[in-house]
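A.B. asks: My questions all concern the structure below.
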Amino acid sequence: MQTQARVVIIGGGIMGASLLYHLAELGWTDCMLIEKDELTSGSTWHAAGQCPSITGSFNLAKIHAYSNELYPRLEGLTGQYVSWHKSGGIRFATNERELAWFKYIHGFSKIIGFDMEIIPPEEIRRINPFVTTEGVIAGARTTSDGHADPSGICNALAIGARDKGATIVRRNRVTGLSQLPGGEWDVATEQGTVRAEIVVNAAGCYARQVAQMAGIDIPVTNMEHHYIVTDPIPAFMERDEEIPVMRCPYVSGYFRQEQKSGLIGVYENTGLAEAWAPKGMPEWESTSELFIDDLDRISKWLERAIERMPVFGEVGIRRIVNGAIPHTPDGGPLLGPAAGLRNFWQCCGTSFGIAQGGGSGKYLAQSIVYGDADINMAEFDPRRYGPFADEAYSRAKVFLDYRMTFTTRPPGEEEPDGRPQKISPLYGRLLAAGANYGETYGWERPKWFSLDGRTEEPGYHRTNVFDVVAAEVKAVERRVGVLDLSGFAKYDVTGPDAEAFLNRICANRMPRKLGGIGLVHPLSRLGRIYGEMTVTRMADDHFYCLCAAAAEQRDADHLHQSKLPHEDVTIRNVTMDRGVLVISGPRSRDVLAKLTDADLSNEGFRWLSGQDIVIAGIPVRALRVSYVGELGWELHPAMDDLAALYDAVWAAGQEFGIANYGLYAVNTMRMEKGYKAWGSELTNEQTMIEAGMDRFIQFKKDDFVGRQATLDAPDRFRIVYGAVDAADVDVRGAEPCLVGDACIGLTTSGGYGHRVGTSLFFACVPIEHAAPGSTFQIQLQGELRNAEVLEHPAYDSDNAKMKA
């Protein structure tokens, strides 16, 4: 066995084999895959092999689409039979909420390019004459997807990788991992030690154990999942045409033809079982393992499947498969760098490994080789989880994800399982005041406030809290509002080289004046947008950096791993040290003036500046910035002082009509101001120029990461801002932009602007459609609505209100 490799991939299932294949395809052939037994012997071999196009995530749908494009070609590329069945699929909608989900996905199917149509029950029965459609109001039909032999696909990818020069070592158990001072890894195995520049954890059900070898943990829980194969069905034997893969929320599962037999897989809602519990994860000895079947546990769902396909009930059961499948808390794969480690990547955590294997391998390979991928990888980044995602949290969320596999969750719906994990000192006060919370990176953050006891009825249309949000916006616009945003990621970057360091890794120049605030963006080496920070210069050698809550770990890694050995810089994560209370509105200065002797005038406290002041006897780092377009401050006290500060501000604000507001209101107001958001408009898919962020690049300063790449990059499109004539459905993101029948682009985010009475959006479109005044249509819930690109923000375009 060779003793060195550029990349060592641990795990020979579909994810590891696909990554190896795609790394080799990009020219990285000095890569080794190490498998403890035979290829596919973990969870790949017993998978049912479904490859649907339909999934609720736009970027995940891109991953699925690539897999479905690749798998039919693999036999021709490698000579390995993969048993690709282009049967198509039909998923049932049994209520209007599920139908609305179909309409949303149908929109982004136009962008991605997979075929999809919404069909009535009678058309479902025509395509599949064996199915019953009682209670079904529509079906989502796709025709270019289907199912395949998981082992065949995995072995085809392995053959293709070997043919390109990669190495596969089977029957070789990894026994330990250790990182050297230079960043390389020693991978200890039963056959010796391999030194690797990069290690990738593709260990499937064993991914947690491999991560723990590297000194970290990941939130992966392995669940038992059943499917059964029936005896041959006479009705199928008489037909040449294969029925589509059927998916039904009533069944909470899928059913299809398996050769001339039937196959039924269910995700039971009760009596769920974690694989290997309670005895714990086996010490690597498990291979090609199945568990004892539990038909009693799944009988309710099997009976429902037979209701849908009565021909299944005419024959016996030939085979029962009950195997382990890894899940993450949100159901998405872990694709990207491991938290806190250099040169260690995750390629695991997928509960739909066959469907996602091809695309996961492609886009992760791009990330490893180039530092960026062709799709937005933020939602798959393993660092979306932090220490809050402990074992108890993972189990609670995974059990929820499993039982809701075939339950459509509309926008705004969040379940309480595993929560709360991270709360600010205001959590109890705001909960009592009617706060409805959402979860971001474990933080509980108020979305809106119920003052009359109502609960949200979430959906794609404007909901029953539309007027509540309007009232919160009105309070901020006309009076004063307060918001707890303590979940902001916060870093103190200090030292003699702090300014030069930040200037080197960011496109914009750091503020030069003491107290100055700047918006800056770290870039990748390809010139793509890595992140966004608000930076305040607190001293010559001290910069206070704020980032999105969801980006805390990835930005911390970027800061630490970007520091060069000779740079005298200290980076300290102070997220838990400081709370954040936002006070916004034309009376915000009046409220604060009752509590502080600090000069809050424009002369004494200029817009876009920060100072350390005392408010109600509490030391506070105050920043005069506003994400909502009104006069306001962010107040950053010690976390332990946050509750006392809130109480003082709330009491002082009574005479001015102070109100709590939440993130729903924040989104509507940031849309009115035309502020782009990291993760939506600002992603790894584009440069600053393409994102329309030219004014935040300082090309004249000393060289910075991504500078030349930004200048050299092809200019492909623009992120534009506009208004759409929406009726009762606003843009959410990933809706198609159309000129005639041609899909020219997609929306990235949107919302209704209550101050301007207009529905607003951001979209990514070709340059020829980006000029102010350009028009196109946006498909919203199946309806084409006219849209126009705006030149200026819809609200207070000269920032007069924030400067007041």
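Just so we're on the same page: first chain in the structure tokens is A, next is B, and so on; residues restart at 1 for each chain, and ligands are numbered from 1 in the order they show up.
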Which residues, written as a ChimeraX atom specification, have at least one atom at most 10 Å from Met1 in chain A, with only C-alpha atoms counted and residues fewer than 4 positions away on the same chain left out?

C.D. replies: /A:167-169,191-194

A.B. asks: Skipping near chain neighbours, those fewer than 3 positions away, what residues fall within 10 Å of Ser367 in chain A using only C-alpha atoms, listed as a PyMOL selection string?

C.D. replies: chain A and resi 335-337+361-364+370-375+377+684

A.B. asks: Go ahead and write the selection's residues with N, CA and C atoms as a PDB file, in the first residue's frame.

C.D. replies:
ATOM      1  N   LEU A 335     -21.400  18.412   3.734  1.00  0.00           N
ATOM      2  CA  LEU A 335     -20.492  18.523   2.595  1.00  0.00           C
ATOM      3  C   LEU A 335     -19.644  19.774   2.775  1.00  0.00           C
ATOM      4  N   GLY A 336     -18.392  19.586   3.206  1.00  0.00           N
ATOM      5  CA  GLY A 336     -17.539  20.743   3.366  1.00  0.00           C
ATOM      6  C   GLY A 336     -16.513  20.547   4.456  1.00  0.00           C
ATOM      7  N   PRO A 337     -15.795  21.622   4.800  1.00  0.00           N
ATOM      8  CA  PRO A 337     -14.747  21.518   5.811  1.00  0.00           C
ATOM      9  C   PRO A 337     -15.316  21.193   7.184  1.00  0.00           C
ATOM     10  N   GLY A 361     -20.732  14.323  -4.694  1.00  0.00           N
ATOM     11  CA  GLY A 361     -19.345  14.111  -5.091  1.00  0.00           C
ATOM     12  C   GLY A 361     -18.836  15.191  -6.023  1.00  0.00           C
ATOM     13  N   LYS A 362     -19.674  15.582  -6.973  1.00  0.00           N
ATOM     14  CA  LYS A 362     -19.256  16.611  -7.937  1.00  0.00           C
ATOM     15  C   LYS A 362     -18.982  17.941  -7.256  1.00  0.00           C
ATOM     16  N   TYR A 363     -19.946  18.428  -6.475  1.00  0.00           N
ATOM     17  CA  TYR A 363     -19.818  19.780  -5.940  1.00  0.00           C
ATOM     18  C   TYR A 363     -18.847  19.841  -4.771  1.00  0.00           C
ATOM     19  N   LEU A 364     -18.696  18.754  -4.019  1.00  0.00           N
ATOM     20  CA  LEU A 364     -17.679  18.754  -2.982  1.00  0.00           C
ATOM     21  C   LEU A 364     -16.283  18.697  -3.607  1.00  0.00           C
ATOM     22  N   TYR A 370     -11.064  23.750  -6.059  1.00  0.00           N
ATOM     23  CA  TYR A 370     -11.067  25.170  -6.412  1.00  0.00           C
ATOM     24  C   TYR A 370     -11.321  26.100  -5.233  1.00  0.00           C
ATOM     25  N   GLY A 371     -11.879  25.572  -4.167  1.00  0.00           N
ATOM     26  CA  GLY A 371     -12.270  26.418  -3.054  1.00  0.00           C
ATOM     27  C   GLY A 371     -13.700  26.918  -3.159  1.00  0.00           C
ATOM     28  N   ASP A 372     -14.371  26.676  -4.284  1.00  0.00           N
ATOM     29  CA  ASP A 372     -15.756  27.083  -4.501  1.00  0.00           C
ATOM     30  C   ASP A 372     -16.442  26.045  -5.380  1.00  0.00           C
ATOM     31  N   ALA A 373     -17.770  26.032  -5.332  1.00  0.00           N
ATOM     32  CA  ALA A 373     -18.552  25.132  -6.168  1.00  0.00           C
ATOM     33  C   ALA A 373     -19.505  25.940  -7.034  1.00  0.00           C
ATOM     34  N   ASP A 374     -20.105  25.275  -7.996  1.00  0.00           N
ATOM     35  CA  ASP A 374     -21.044  25.933  -8.898  1.00  0.00           C
ATOM     36  C   ASP A 374     -22.409  26.149  -8.270  1.00  0.00           C
ATOM     37  N   ILE A 375     -22.643  25.587  -7.088  1.00  0.00           N
ATOM     38  CA  ILE A 375     -23.895  25.815  -6.383  1.00  0.00           C
ATOM     39  C   ILE A 375     -23.593  26.390  -5.009  1.00  0.00           C
ATOM     40  N   MET A 377     -23.201  26.262  -1.425  1.00  0.00           N
ATOM     41  CA  MET A 377     -22.948  25.133  -0.533  1.00  0.00           C
ATOM     42  C   MET A 377     -23.233  25.449   0.933  1.00  0.00           C
ATOM     43  N   ASN A 684     -21.209  31.835  -2.593  1.00  0.00           N
ATOM     44  CA  ASN A 684     -19.982  31.378  -3.251  1.00  0.00           C
ATOM     45  C   ASN A 684     -20.152  31.184  -4.762  1.00  0.00           C
TER      46      ASN A 684
END

A.B. asks: List every residue of range 549-668 of chain A that DSSP, applied to the backbone of this structure, assigns to strand (DSSP E), and report them as a list in words.

C.D. replies: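 Answer for range 549-668 of chain A, restricted to strand (DSSP E): Thr570, Ile571, Arg572, Asn573, Leu581, Val582, Ile583, Ser584, Gly610, Gln611, Asp612, Ile613, Val614, Ile615, Ile618, Pro619, Val620, Arg621, Ala622, Leu623, Gly632, Trp633, Glu634, Leu635, His636, Pro637, Ala659 and Asn660 of chain A.
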
A.B. asks: So that I have them on file, write out the residues from the current selection with C-alpha atoms, as a tab-separated table (two decimals), in the first residue's frame.

C.D. replies:
chain	number	residue	atom	x	y	z
A	570	THR	CA	-5.31	37.63	18.08
A	571	ILE	CA	-8.80	36.44	17.15
A	572	ARG	CA	-11.29	35.93	19.94
A	573	ASN	CA	-14.87	34.73	19.55
A	581	LEU	CA	-30.26	44.89	21.59
A	582	VAL	CA	-31.33	46.80	18.50
A	583	ILE	CA	-33.29	50.02	19.00
A	584	SER	CA	-34.81	51.49	15.83
A	610	GLY	CA	-19.33	53.11	17.22
A	611	GLN	CA	-18.51	54.17	20.77
A	612	ASP	CA	-18.24	52.63	24.20
A	613	ILE	CA	-20.79	54.54	26.30
A	614	VAL	CA	-22.82	54.04	29.49
A	615	ILE	CA	-26.60	53.52	29.24
A	618	ILE	CA	-24.43	49.77	32.04
A	619	PRO	CA	-21.28	49.82	29.88
A	620	VAL	CA	-22.41	49.36	26.28
A	621	ARG	CA	-20.65	49.19	22.95
A	622	ALA	CA	-23.06	51.23	20.84
A	623	LEU	CA	-23.00	51.12	17.05
A	632	GLY	CA	-31.17	53.53	15.35
A	633	TRP	CA	-28.40	51.89	17.30
A	634	GLU	CA	-27.16	48.42	18.02
A	635	LEU	CA	-26.39	48.15	21.73
A	636	HIS	CA	-23.80	45.53	22.65
A	637	PRO	CA	-23.59	45.13	26.44
A	659	ALA	CA	-42.79	47.98	20.71
A	660	ASN	CA	-41.02	44.67	20.28

A.B. asks: Show me, as a PyMOL selection string, the residues that have an atom within 12 Å of Trp45 in chain A when counting only C-alpha atoms, minus same-chain residues fewer than 4 positions from it.

C.D. replies: chain A and resi 12-14+38-41+49+148-155+204+287-290+321-325+353-354

A.B. asks: Please dump the current selection as a short mmCIF file (atom, residue, chain, number, x, y, z; two decimals), in the first residue's frame; keep C-alpha atoms.

C.D. replies:
data_model
loop_
_atom_site.label_atom_id
_atom_site.label_comp_id
_atom_site.auth_asym_id
_atom_site.auth_seq_id
_atom_site.Cartn_x
_atom_site.Cartn_y
_atom_site.Cartn_z
CA GLY A 12 -16.27 3.09 0.20
CA GLY A 13 -19.97 3.74 -0.12
CA ILE A 14 -21.72 5.88 -2.72
CA GLU A 38 -15.92 -4.28 0.51
CA LEU A 39 -17.28 -1.33 -1.43
CA THR A 40 -20.93 -0.61 -0.60
CA SER A 41 -20.86 -2.79 2.53
CA GLY A 49 -31.95 3.03 -4.93
CA ALA A 148 -31.07 2.10 -9.97
CA ASP A 149 -28.94 -0.60 -8.38
CA PRO A 150 -26.97 1.09 -5.57
CA SER A 151 -24.10 -1.38 -5.70
CA GLY A 152 -23.89 -1.05 -9.46
CA ILE A 153 -23.68 2.75 -9.28
CA CYS A 154 -21.08 2.70 -6.52
CA ASN A 155 -18.91 0.15 -8.32
CA GLY A 204 -21.56 6.82 6.30
CA THR A 287 -20.47 -5.02 7.69
CA SER A 288 -23.36 -5.63 5.33
CA GLU A 289 -25.53 -5.74 8.44
CA LEU A 290 -29.30 -5.85 8.55
CA VAL A 321 -34.79 -5.17 4.49
CA ASN A 322 -34.21 -3.28 7.74
CA GLY A 323 -30.91 -1.44 7.58
CA ALA A 324 -29.13 1.55 9.05
CA ILE A 325 -29.31 4.95 7.38
CA GLY A 353 -27.27 8.73 -0.42
CA ILE A 354 -28.02 7.20 -3.80
#

A.B. asks: One decimal, Å: what's the distance from CA of Met538 in chain A over to CA of Arg578 in chain A, could you say?

C.D. replies: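 The value is 15.2 Å.
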
A.B. asks: Range 93-200 of chain A near range 70-79 of chain A within 9 Å: what's each residue's closest atom pair and its distance in Å to one decimal, counting only C-alpha atoms, ordered by chain then ascending residue number, as a tab-separated table?

C.D. replies:
residue	atom	partner	partner_atom	distance
A:Ala148	CA	A:Tyr71	CA	8.2
A:Ile153	CA	A:Tyr71	CA	6.9
A:Ala156	CA	A:Thr78	CA	5.9
A:Leu157	CA	A:Leu74	CA	7.5
A:Ile159	CA	A:Thr78	CA	6.3
A:Gly160	CA	A:Thr78	CA	5.5
A:Asp163	CA	A:Thr78	CA	8.2

A.B. asks: I need the residue nearest Leu483 in chain A from this list: A:Asn799, A:Ser626, A:Ser67, A:Gln779. Use only C-alpha atoms for the distance.

C.D. replies: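 Nearest to Leu483 in chain A: A:Ser626.
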
A.B. asks: Would you compute the distance between CA of Phe344 in chain A and CA of Asp330 in chain A? Give it in Å to one decimal.

C.D. replies: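 Atom-to-atom, CA of Phe344 in chain A to CA of Asp330 in chain A, that is 21.9 Å.
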
A.B. asks: List every residue of range 26-150 of chain A that DSSP, applied to the backbone, labels as helix (DSSP H, G or I), and write the result as a PyMOL selection string.

C.D. replies: chain A and resi 58-78+96-112+121-127+150

A.B. asks: From the set A:Ile54, A:Val468, A:Ala734, A:Cys348, which residue has the shortest atom-to-atom contact distance to Lys447 in chain A, counting only C-alpha atoms?

C.D. replies: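 Closest residue, counting only C-alpha atoms: A:Val468.
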
A.B. asks: Neighbouring residues of Ser87 in chain A were defined as those with any atom within 8 Å, considering only C-alpha atoms; residues of the same chain fewer than 2 positions away were excluded. Please report them as a PyMOL selection string.

C.D. replies: chain A and resi 85+89+143-147+242-245

A.B. asks: As an exercise, work out the distance from CA of Gly135 in chain A to CA of Asn95 in chain A in Å and give it to one decimal place.

C.D. replies: 8.2 Å

A.B. asks: Have a look at A:Leu592, A:Val199, A:Arg308, A:Ala794 and name the one nearest to Ile124 in chain A; count only C-alpha atoms.

C.D. replies: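 Result for the nearest residue to Ile124 in chain A: A:Arg308.
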
A.B. asks: Measuring between only C-alpha atoms, which one of A:Leu519, A:Arg755, A:Gly428, A:Thr747 shows the shortest distance to Arg695 in chain A?

C.D. replies: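 The shortest atom-to-atom distance to Arg695 in chain A comes from A:Leu519.
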
A.B. asks: I'd like the contact shell of range 463-467 of chain A - 10 Å cut-off, only C-alpha atoms, skipping same-chain residues fewer than 2 positions apart - returned as a list in words.

C.D. replies: Gly412, Trp448, Phe449, Ser450, Arg454, Thr455, Glu456, Glu457, Pro458, Gly459, Tyr460, His461, Val469, Ala470, Ala471, Glu472, Val473, Tyr664, Ala665, Asp728, Val729, Tyr752 and His754 of chain A
